[in-house]
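Source file upload_22.cif; content: mmCIF, C-alpha atoms.
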data_start
#
loop_
_atom_site.label_atom_id
_atom_site.label_comp_id
_atom_site.auth_asym_id
_atom_site.auth_seq_id
_atom_site.Cartn_x
_atom_site.Cartn_y
_atom_site.Cartn_z
CA MET A 436 8.14 -10.88 13.71
CA THR A 437 6.93 -7.34 14.35
CA ARG A 438 8.68 -4.50 12.52
CA THR A 439 8.40 -0.77 13.08
CA PHE A 440 8.04 1.79 10.30
CA LEU A 441 8.17 5.55 10.24
CA HIS A 442 4.61 6.78 9.80
CA ASN A 443 3.50 9.90 7.94
CA PHE A 444 -0.21 10.46 7.40
CA GLU A 445 -1.87 13.41 5.70
CA PRO A 446 -3.87 14.98 7.14
CA ALA A 447 -2.37 14.00 10.50
CA THR A 448 -5.71 14.59 12.24
CA ALA A 449 -7.27 11.71 10.26
CA SER A 450 -4.56 9.17 11.15
CA PRO A 451 -5.87 5.95 12.71
CA ILE A 452 -2.89 5.90 15.09
CA SER A 453 -0.95 8.49 17.03
CA GLY A 454 2.80 8.87 16.90
CA ALA A 455 5.52 8.79 14.28
CA THR A 456 5.84 4.99 14.00
CA VAL A 457 3.58 2.06 13.16
CA ASP A 458 4.06 -1.67 13.85
CA LEU A 459 3.31 -4.39 11.31
CA GLU A 460 3.90 -8.13 11.29
CA VAL A 461 6.22 -9.33 8.51
CA SER A 462 3.73 -12.10 7.70
CA ASP A 463 0.99 -9.47 7.21
CA ILE A 464 3.22 -7.54 4.81
CA GLU A 465 3.99 -10.72 2.86
CA ASP A 466 0.29 -11.63 2.70
CA ALA A 467 -0.54 -8.11 1.47
CA GLY A 468 2.25 -8.47 -1.10
CA ILE A 469 0.74 -11.66 -2.48
CA ARG A 470 -2.67 -9.98 -2.74
CA GLU A 471 -1.08 -6.98 -4.49
CA VAL A 472 0.79 -9.20 -6.96
CA LEU A 473 -2.24 -11.40 -7.66
CA GLN A 474 -4.52 -8.34 -7.90
CA THR A 475 -7.43 -10.08 -6.26
CA PRO A 476 -8.81 -9.69 -2.74
CA GLY A 477 -9.79 -13.31 -2.12
CA ALA A 478 -7.01 -15.34 -3.68
CA ALA A 479 -5.84 -18.46 -1.87
CA TYR A 480 -2.14 -18.42 -1.14
CA GLY A 481 0.46 -20.10 0.99
CA ALA A 482 3.42 -18.73 2.88
CA TRP A 483 5.63 -16.50 0.80
CA SER A 484 8.39 -15.96 3.37
CA ILE A 485 10.67 -13.80 1.25
CA LEU A 486 10.86 -10.69 3.43
CA ASP A 487 11.94 -12.33 6.66
CA ALA A 488 14.98 -13.81 4.87
CA LEU A 489 15.96 -10.35 3.58
CA LEU A 490 15.58 -8.50 6.89
CA ALA A 491 18.23 -8.01 9.53
CA PRO A 492 17.36 -9.71 12.83
CA THR A 493 15.99 -7.13 15.26
CA GLY A 494 13.98 -7.13 18.46
CA LEU A 495 10.39 -6.13 19.07
CA GLY A 496 9.73 -2.52 18.11
CA THR A 497 12.96 -2.08 16.16
CA PRO A 498 13.10 -0.65 12.63
CA PHE A 499 12.60 -2.48 9.36
CA ILE A 500 16.20 -2.93 8.08
CA PHE A 501 17.36 -4.97 5.10
CA LYS A 502 20.49 -7.13 5.65
CA GLU A 503 22.05 -5.60 2.56
CA PRO A 504 20.91 -3.32 -0.28
CA LEU A 505 18.28 -4.77 -2.58
CA GLY A 506 19.82 -5.49 -5.96
CA GLN A 507 22.91 -4.00 -7.57
CA ALA A 508 21.59 -1.98 -10.48
CA ARG A 509 19.79 1.29 -9.74
CA GLU A 510 16.64 0.28 -11.62
CA VAL A 511 16.41 -2.95 -9.60
CA LYS A 512 16.83 -1.04 -6.33
CA VAL A 513 14.16 1.48 -7.32
CA ALA A 514 11.77 -1.24 -8.50
CA LEU A 515 12.17 -3.38 -5.37
CA SER A 516 11.91 -0.37 -3.07
CA GLY A 517 8.67 0.64 -4.76
CA LEU A 518 7.32 -2.89 -4.71
CA PHE A 519 8.10 -3.58 -1.05
CA GLY A 520 6.83 -0.10 -0.19
CA ARG A 521 3.47 -0.99 -1.78
CA PHE A 522 3.34 -4.20 0.24
CA VAL A 523 3.94 -2.33 3.50
CA ALA A 524 1.37 0.34 2.58
CA ARG A 525 -1.26 -2.27 1.74
CA ALA A 526 -0.62 -4.22 4.97
CA TYR A 527 -0.96 -0.92 6.88
CA LEU A 528 -4.29 -0.10 5.20
CA GLU A 529 -5.59 -3.62 5.78
CA ARG A 530 -4.68 -3.63 9.47
CA TYR A 531 -5.38 -0.06 10.57
CA PHE A 532 -8.28 0.81 8.22
CA ASN A 533 -9.83 -2.67 7.83
CA LEU A 534 -9.69 -2.40 4.03
CA SER A 535 -9.73 -5.62 2.03
CA ILE A 536 -10.72 -4.74 -1.55
CA PHE A 537 -8.16 -2.73 -3.54
CA ALA A 538 -8.49 -1.45 -7.11
CA HIS A 539 -5.90 0.60 -8.97
CA LEU A 540 -6.78 4.07 -10.19
CA ASP A 541 -5.80 3.41 -13.77
CA SER A 542 -9.07 2.78 -15.56
CA ARG A 543 -12.20 4.84 -16.03
CA THR A 544 -14.62 2.44 -14.34
CA ILE A 545 -13.58 0.41 -11.33
CA ASP A 546 -15.57 -2.65 -10.35
CA LEU A 547 -15.29 -3.41 -6.63
CA ASP A 548 -16.46 -6.96 -5.94
CA ARG A 549 -18.89 -6.93 -8.90
CA ARG A 550 -21.41 -4.95 -6.84
CA ARG A 551 -20.11 -1.43 -6.54
CA ARG A 552 -18.97 0.28 -9.69
CA ILE A 553 -17.10 3.54 -9.36
CA LYS A 554 -16.47 5.88 -12.24
CA VAL A 555 -13.17 7.76 -12.17
CA THR A 556 -13.04 11.07 -14.00
CA ARG A 557 -9.60 12.60 -14.35
CA LEU A 558 -9.98 16.35 -13.97
CA SER A 559 -6.42 17.27 -14.99
CA ARG A 560 -3.08 15.74 -16.03
CA GLY A 561 -0.62 14.38 -13.49
CA ASP A 562 -0.20 11.53 -11.03
CA LEU A 563 -3.18 9.91 -9.38
CA PRO A 564 -3.19 8.17 -6.00
CA ASP A 565 -2.54 4.41 -6.21
CA TRP A 566 -5.75 2.77 -5.01
CA ILE A 567 -9.37 3.11 -4.30
CA ALA A 568 -10.11 0.63 -1.54
CA CYS A 569 -12.94 -0.41 0.76
CA ALA A 570 -13.86 -2.86 3.49
CA ALA A 571 -15.27 -6.31 2.65
CA ASP A 572 -18.83 -4.98 3.07
CA LEU A 573 -18.03 -2.23 0.52
CA SER A 574 -18.05 0.49 3.20
CA SER A 575 -15.21 2.85 4.10
CA LEU A 576 -14.45 3.89 0.54
CA THR A 577 -10.87 5.19 0.65
CA VAL A 578 -8.49 6.77 -1.86
CA ALA A 579 -4.92 5.79 -0.90
CA GLU A 580 -1.35 6.51 -1.94
CA ALA A 581 1.17 3.72 -1.34
CA LYS A 582 4.40 5.53 -0.55
CA ARG A 583 4.23 9.24 -1.07
CA CYS A 584 2.64 11.82 -3.28
CA HIS A 585 5.34 13.13 -5.62
CA ASP A 586 3.20 15.99 -6.85
CA VAL A 587 4.66 19.44 -6.18
CA GLY A 588 1.24 20.54 -4.93
CA GLY A 589 1.06 17.67 -2.42
CA PRO A 590 -1.71 15.15 -1.77
CA ALA A 591 -4.54 17.69 -1.98
CA LYS A 592 -3.59 18.59 -5.57
CA ALA A 593 -3.43 14.89 -6.59
CA LEU A 594 -6.80 14.18 -4.97
CA ASN A 595 -8.33 17.14 -6.78
CA ARG A 596 -7.55 15.42 -10.11
CA VAL A 597 -10.05 12.65 -9.43
#
When written as C-alpha cells, how does the structure in this file appear?
Amino acid sequence: MTRTFLHNFEPATASPISGATVDLEVSDIEDAGIREVLQTPGAAYGAWSILDALLAPTGLGTPFIFKEPLGQAREVKVALSGLFGRFVARAYLERYFNLSIFAHLDSRTIDLDRRRRIKVTRLSRGDLPDWIACAADLSSLTVAEAKRCHDVGGPAKALNRV
C-alpha cells in the first residue's frame, strides 16, 4: 500500500524530488524499521506487518493516517511518534537517495561496513543530526536528520557542530 507524506527538505534545491509530498510503500517503511531496530544494514528479516494494521484504509496517494492515536500516555505517544518517524525517514533515504548503510552520530569513530572509518569531531555542544549514511558501495556519504532539526539555529547550525 502506497502512503503519502508531507515532504520538507533543506535546502529545497538539493531535494531528490519536487513538490510538497513524497510517496512510500508501507512495506518499505516496515523493512526500514526492522533495519533501524536491528542496527545492521544486512540483517535477514521476515515480514513485520505492524504498520498496515495501525493505519486507516486509504486510497492511492492519500495521507498516512493512524486509525487511532498511538498509545494513551504522553511518553508512549512521543516515543512511538519518534520511532515511526525514524522508520519513515530511513525508508525515504533508502528509496530516494539509494542509501543502505546507516550509522548513528553518537560515537567518535564510525565504522561503515568495516572498510570506511569516519571520525566525528564535535565542534560545540548541542544536538547532532541522526545518521551518517552511504550507499552500499560506500559512495554518497550523507549526514541526515530523521524528523526535524530542533536547534534554534536550524539545520546549518547543527551541521556546523560536526
Report the distance between atom CA of Leu518 of chain A and atom CA of Asn533 of chain A in Å, rounded to one decimal place.
21.2 Å
Excluding segment 568-583 of chain A and any residue of its chain fewer than 6 positions from it, enumerate the residues within 6 Å of it, using only C-alpha atoms, and give them as a PyMOL selection string.
chain A and resi 521+524+533-537
Residue among A:Leu490, A:Ala455, A:Ala467, A:Val472 lying closest to Thr437 of chain A, counting all atoms listed in the file
A:Leu490
A straight line from atom CA of Asp463 of chain A to atom CA of Pro498 of chain A spans 15.9 Å
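The smallest atom-to-atom distance between Leu441 of chain A and any of A:Glu510, A:Val523, A:Ile464, A:Thr493, using all atoms listed in the file, is found for A:Val523.
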Mind giving me the straight-line distance from atom CA of Val457 of chain A to atom CA of Tyr531 of chain A in Å, one decimal?
9.6 Å
